[in-house]
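Engineer: Attaching a single structure in structure tokens format; questions to follow.
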Amino acid sequence: MKYLEDYTIRKILELVNIPSPSGFTEKIIEFVATQLREMGFEPRITRKGALVVELGGSGNPLVLVAHVDTLGAMVKSLKSNGRLEITNVGGFTMNSIENENCTIHTKSGKTYTGTIQSLAPSVHVFENARTLERKMSNMEIRVDEEVSCQSDLEKLGIEAGDFISFHPRAVVTDSGFIKTRHLDDKASAAILLGLARKVSIGELECGRKVYLFFSNYEEVGHGASAAMPEDSEEIISVDMGAVGDTLKTDEYVVSICAKDSGGPYDGQTVKKLIDAARRAGADYRVDIYPFYGSDVEASLRAGYDVMFGLLGPGVEASHGYERTHCKAVDNTLKLLQEYIKK
């Protein structure tokens, strides 16, 4: 398939298949670090577990931030029927994870698979199978082991606080669509790796000082709140463009956010992003995201005195089984390539 020949698309698939709910990101951060080291860069992992790397250039330091943490869950308690009660990591609707396959990651390193189901999963048995409210207290995990009580689970080494990752079900279609969980924000993390690769092989030169920052707690609100490079003058969140309702963004464009639930983005930065998109010939839209927060907002709350913006490929069904198109990935990369030249 032609799309799988593209470096960035391949990296999206590799990233979404590495489990990394917020708080469980060591493996994916090390994966990103290894990719950057192989390109000849010197990434640094922060005390908080994020990753920062300098690409080169001088003057007007810019930080491009993507996050590698995802939605997920944790074991809340072991139930007497051998099932697991769960608590969410990040914000998602219960119907978006119902019947999803998952992996339980124990603290000893052992893993077990399971399925997330409602307490009334069969219409042949439960009168309220269709009407039971899909909320956390009405969901449980059926573990793929011969367990029927709490002690059976304890013998497996499963306990409260174990992380649960959702299987991504990644597919790239012949028509160029990418369907998978965790495009938020592994699509843009892969785009930043693609940007770094172009710099490393001499296809792209940084016209200003450029850092990449891969955060690991965005889904719970404090991803890029610490360890920004001291000389940062501008921070751009490279996340995802929201699709739906009256928004103009679709799955083929790079979306530039003018305002989200945290308020307006820096007006001059928004204009510069639009100008860069036009110069690059990138198909773009400008939108306002009504229910959205970003890494750069965490930086602002932490007190960083910077210009700030947000952009990303259009992603449909965010925080569910998401979809974008290779065109959106390409348009986002085009904009960023142009933006770091100045």
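Identifiers in the structure tokens: chain A, B, ... in order shown; residue index from 1 per chain; ligand index from 1 in order shown.
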Excluding A:Leu192 and residues on its chain fewer than 4 positions from it, collect all residues at most 9 Å away from it, counting only C-alpha atoms, and give them as a ChimeraX atom specification.
Structural biologist: /A:8,64-66,187-188,196-197,212,238,333,336
Engineer: Show which residues sit within 10 Å of A:Asn88, as a VMD selection string. Count only C-alpha atoms, and ignore same-chain residues fewer than 4 positions away.
Structural biologist: chain A and resid 71 to 76 92 to 94 136 163 to 164
Engineer: Env of A:Ser215: 10 Å cut, atoms = only C-alpha atoms, seq-sep filter 3 positions within chain, self excluded. Answer as a list in words.
Structural biologist: Ser22, Thr25, Ile29, Thr46, Lys48, Gly49, Ala50, Leu51, Val52, Val65, Ala66, His67, Val68, Asp69, Ala189, Leu212, Glu218, Glu219, His222, Gly223, Ala224, Ser225, Ala226, Ala227 and Asp295 of chain A
Engineer: Using only C-alpha atoms, which of A:Lys248, A:Lys271, A:Lys334, A:Arg181 sits nearest A:Gly320?
Structural biologist: A:Arg181
Engineer: Would you mind reading off the distance between atom CA of A:Thr87 and atom CA of A:Asp239, one decimal, in Å?
Structural biologist: 24.9 Å
Engineer: Could you name the residues that touch stretch 112-125 of chain A at 12 Å or less, counting only C-alpha atoms, but leaving out those on the same chain fewer than 2 positions away, as a PyMOL selection string?
Structural biologist: chain A and resi 72-73+75+81-87+94-110+127-147+153+156-158+162-167
Engineer: Considering only alpha helix (DSSP H) as DSSP defines it on the backbone, what residues of stretch 34-265 of chain A qualify? List them as an mmCIF file with N, CA, C and O atoms, in the first residue's frame.
Structural biologist:
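Saved result, selection_9.cif, follows:
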```
data_model
loop_
_atom_site.group_PDB
_atom_site.id
_atom_site.type_symbol
_atom_site.label_atom_id
_atom_site.label_comp_id
_atom_site.auth_asym_id
_atom_site.auth_seq_id
_atom_site.Cartn_x
_atom_site.Cartn_y
_atom_site.Cartn_z
ATOM 1 N N THR A 34 14.722 6.901 21.283
ATOM 2 C CA THR A 34 15.547 6.056 20.419
ATOM 3 C C THR A 34 15.479 6.526 18.971
ATOM 4 O O THR A 34 16.498 6.585 18.265
ATOM 5 N N GLN A 35 14.263 6.874 18.507
ATOM 6 C CA GLN A 35 14.115 7.372 17.134
ATOM 7 C C GLN A 35 14.959 8.625 16.930
ATOM 8 O O GLN A 35 15.646 8.771 15.905
ATOM 9 N N LEU A 36 14.927 9.532 17.893
ATOM 10 C CA LEU A 36 15.667 10.787 17.764
ATOM 11 C C LEU A 36 17.173 10.568 17.857
ATOM 12 O O LEU A 36 17.951 11.211 17.136
ATOM 13 N N ARG A 37 17.611 9.669 18.724
ATOM 14 C CA ARG A 37 19.047 9.366 18.815
ATOM 15 C C ARG A 37 19.566 8.790 17.503
ATOM 16 O O ARG A 37 20.682 9.109 17.059
ATOM 17 N N GLU A 38 18.773 7.942 16.887
ATOM 18 C CA GLU A 38 19.179 7.347 15.608
ATOM 19 C C GLU A 38 19.295 8.394 14.513
ATOM 20 O O GLU A 38 20.000 8.191 13.526
ATOM 21 N N GLN A 150 -12.518 -12.901 43.678
ATOM 22 C CA GLN A 150 -11.454 -11.939 43.945
ATOM 23 C C GLN A 150 -10.102 -12.618 44.154
ATOM 24 O O GLN A 150 -9.077 -12.150 43.657
ATOM 25 N N SER A 151 -10.095 -13.745 44.868
ATOM 26 C CA SER A 151 -8.816 -14.411 45.146
ATOM 27 C C SER A 151 -8.162 -14.935 43.874
ATOM 28 O O SER A 151 -6.927 -14.972 43.784
ATOM 29 N N ASP A 152 -8.966 -15.320 42.873
ATOM 30 C CA ASP A 152 -8.396 -15.754 41.599
ATOM 31 C C ASP A 152 -7.637 -14.606 40.935
ATOM 32 O O ASP A 152 -6.555 -14.805 40.357
ATOM 33 N N LEU A 153 -8.184 -13.419 41.015
ATOM 34 C CA LEU A 153 -7.513 -12.251 40.448
ATOM 35 C C LEU A 153 -6.242 -11.925 41.210
ATOM 36 O O LEU A 153 -5.212 -11.575 40.620
ATOM 37 N N GLU A 154 -6.299 -12.047 42.528
ATOM 38 C CA GLU A 154 -5.118 -11.774 43.349
ATOM 39 C C GLU A 154 -3.979 -12.730 43.017
ATOM 40 O O GLU A 154 -2.806 -12.338 43.006
ATOM 41 N N LYS A 155 -4.314 -13.978 42.725
ATOM 42 C CA LYS A 155 -3.285 -14.964 42.360
ATOM 43 C C LYS A 155 -2.585 -14.599 41.051
ATOM 44 O O LYS A 155 -1.427 -14.958 40.828
ATOM 45 N N LEU A 156 -3.288 -13.883 40.188
ATOM 46 C CA LEU A 156 -2.677 -13.424 38.935
ATOM 47 C C LEU A 156 -1.769 -12.220 39.147
ATOM 48 O O LEU A 156 -1.002 -11.850 38.257
ATOM 49 N N LEU A 183 -5.177 8.586 17.826
ATOM 50 C CA LEU A 183 -4.651 9.613 16.917
ATOM 51 C C LEU A 183 -4.419 10.897 17.700
ATOM 52 O O LEU A 183 -3.535 11.691 17.368
ATOM 53 N N ASP A 184 -5.206 11.099 18.727
ATOM 54 C CA ASP A 184 -4.995 12.135 19.738
ATOM 55 C C ASP A 184 -4.036 11.561 20.776
ATOM 56 O O ASP A 184 -4.459 10.788 21.639
ATOM 57 N N ASP A 185 -2.741 11.833 20.736
ATOM 58 C CA ASP A 185 -2.131 12.793 19.841
ATOM 59 C C ASP A 185 -0.945 12.155 19.112
ATOM 60 O O ASP A 185 0.027 12.811 18.775
ATOM 61 N N LYS A 186 -1.073 10.843 18.882
ATOM 62 C CA LYS A 186 0.073 10.150 18.297
ATOM 63 C C LYS A 186 0.241 10.461 16.817
ATOM 64 O O LYS A 186 1.337 10.282 16.270
ATOM 65 N N ALA A 187 -0.822 10.960 16.172
ATOM 66 C CA ALA A 187 -0.644 11.423 14.799
ATOM 67 C C ALA A 187 0.337 12.589 14.771
ATOM 68 O O ALA A 187 1.278 12.616 13.962
ATOM 69 N N SER A 188 0.150 13.549 15.673
ATOM 70 C CA SER A 188 1.035 14.712 15.680
ATOM 71 C C SER A 188 2.407 14.395 16.263
ATOM 72 O O SER A 188 3.407 15.004 15.872
ATOM 73 N N ALA A 189 2.487 13.448 17.194
ATOM 74 C CA ALA A 189 3.805 13.017 17.673
ATOM 75 C C ALA A 189 4.610 12.431 16.518
ATOM 76 O O ALA A 189 5.814 12.694 16.377
ATOM 77 N N ALA A 190 3.953 11.666 15.660
ATOM 78 C CA ALA A 190 4.623 11.113 14.485
ATOM 79 C C ALA A 190 5.005 12.213 13.499
ATOM 80 O O ALA A 190 6.068 12.159 12.854
ATOM 81 N N ILE A 191 4.144 13.225 13.370
ATOM 82 C CA ILE A 191 4.453 14.360 12.496
ATOM 83 C C ILE A 191 5.716 15.075 12.976
ATOM 84 O O ILE A 191 6.579 15.443 12.172
ATOM 85 N N LEU A 192 5.867 15.246 14.292
ATOM 86 C CA LEU A 192 7.083 15.876 14.812
ATOM 87 C C LEU A 192 8.312 15.008 14.556
ATOM 88 O O LEU A 192 9.395 15.532 14.266
ATOM 89 N N LEU A 193 8.161 13.696 14.643
ATOM 90 C CA LEU A 193 9.275 12.818 14.285
ATOM 91 C C LEU A 193 9.615 12.962 12.805
ATOM 92 O O LEU A 193 10.795 12.959 12.419
ATOM 93 N N GLY A 194 8.581 13.091 11.968
ATOM 94 C CA GLY A 194 8.821 13.306 10.542
ATOM 95 C C GLY A 194 9.542 14.613 10.287
ATOM 96 O O GLY A 194 10.427 14.698 9.416
ATOM 97 N N LEU A 195 9.189 15.653 11.041
ATOM 98 C CA LEU A 195 9.864 16.941 10.932
ATOM 99 C C LEU A 195 11.331 16.809 11.329
ATOM 100 O O LEU A 195 12.228 17.312 10.630
ATOM 101 N N ALA A 196 11.590 16.123 12.441
ATOM 102 C CA ALA A 196 12.970 15.917 12.899
ATOM 103 C C ALA A 196 13.784 15.145 11.867
ATOM 104 O O ALA A 196 14.964 15.443 11.626
ATOM 105 N N ARG A 197 13.173 14.156 11.272
ATOM 106 C CA ARG A 197 13.877 13.359 10.262
ATOM 107 C C ARG A 197 14.294 14.224 9.073
ATOM 108 O O ARG A 197 15.419 14.082 8.563
ATOM 109 N N LYS A 198 13.414 15.108 8.628
ATOM 110 C CA LYS A 198 13.756 15.974 7.505
ATOM 111 C C LYS A 198 14.934 16.888 7.848
ATOM 112 O O LYS A 198 15.797 17.158 7.003
ATOM 113 N N VAL A 199 14.975 17.366 9.094
ATOM 114 C CA VAL A 199 16.111 18.178 9.524
ATOM 115 C C VAL A 199 17.378 17.329 9.545
ATOM 116 O O VAL A 199 18.448 17.759 9.080
ATOM 117 N N SER A 200 17.268 16.109 10.043
ATOM 118 C CA SER A 200 18.451 15.253 10.219
ATOM 119 C C SER A 200 19.092 14.849 8.899
ATOM 120 O O SER A 200 20.310 14.672 8.818
#
```
Engineer: Set the distance at 8 Å and use only C-alpha atoms: which residues neighbour stretch 291-293 of chain A once local chain neighbours fewer than 6 positions away are removed? I'd like the list as number ranges by chain.
Structural biologist: A: 221, 260-262
Engineer: With C-alpha atoms retained, export the selected residues as a PDB file, in the first residue's frame.
Structural biologist:
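The new file part28.pdb reads:
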```pdb
ATOM      1  CA  GLY A 221      -4.329  18.411  32.292  1.00  0.00           C
ATOM      2  CA  ASP A 260     -10.914  26.777  22.775  1.00  0.00           C
ATOM      3  CA  SER A 261     -12.488  26.327  26.199  1.00  0.00           C
ATOM      4  CA  GLY A 262      -9.439  27.969  27.776  1.00  0.00           C
TER       5      GLY A 262
END
```
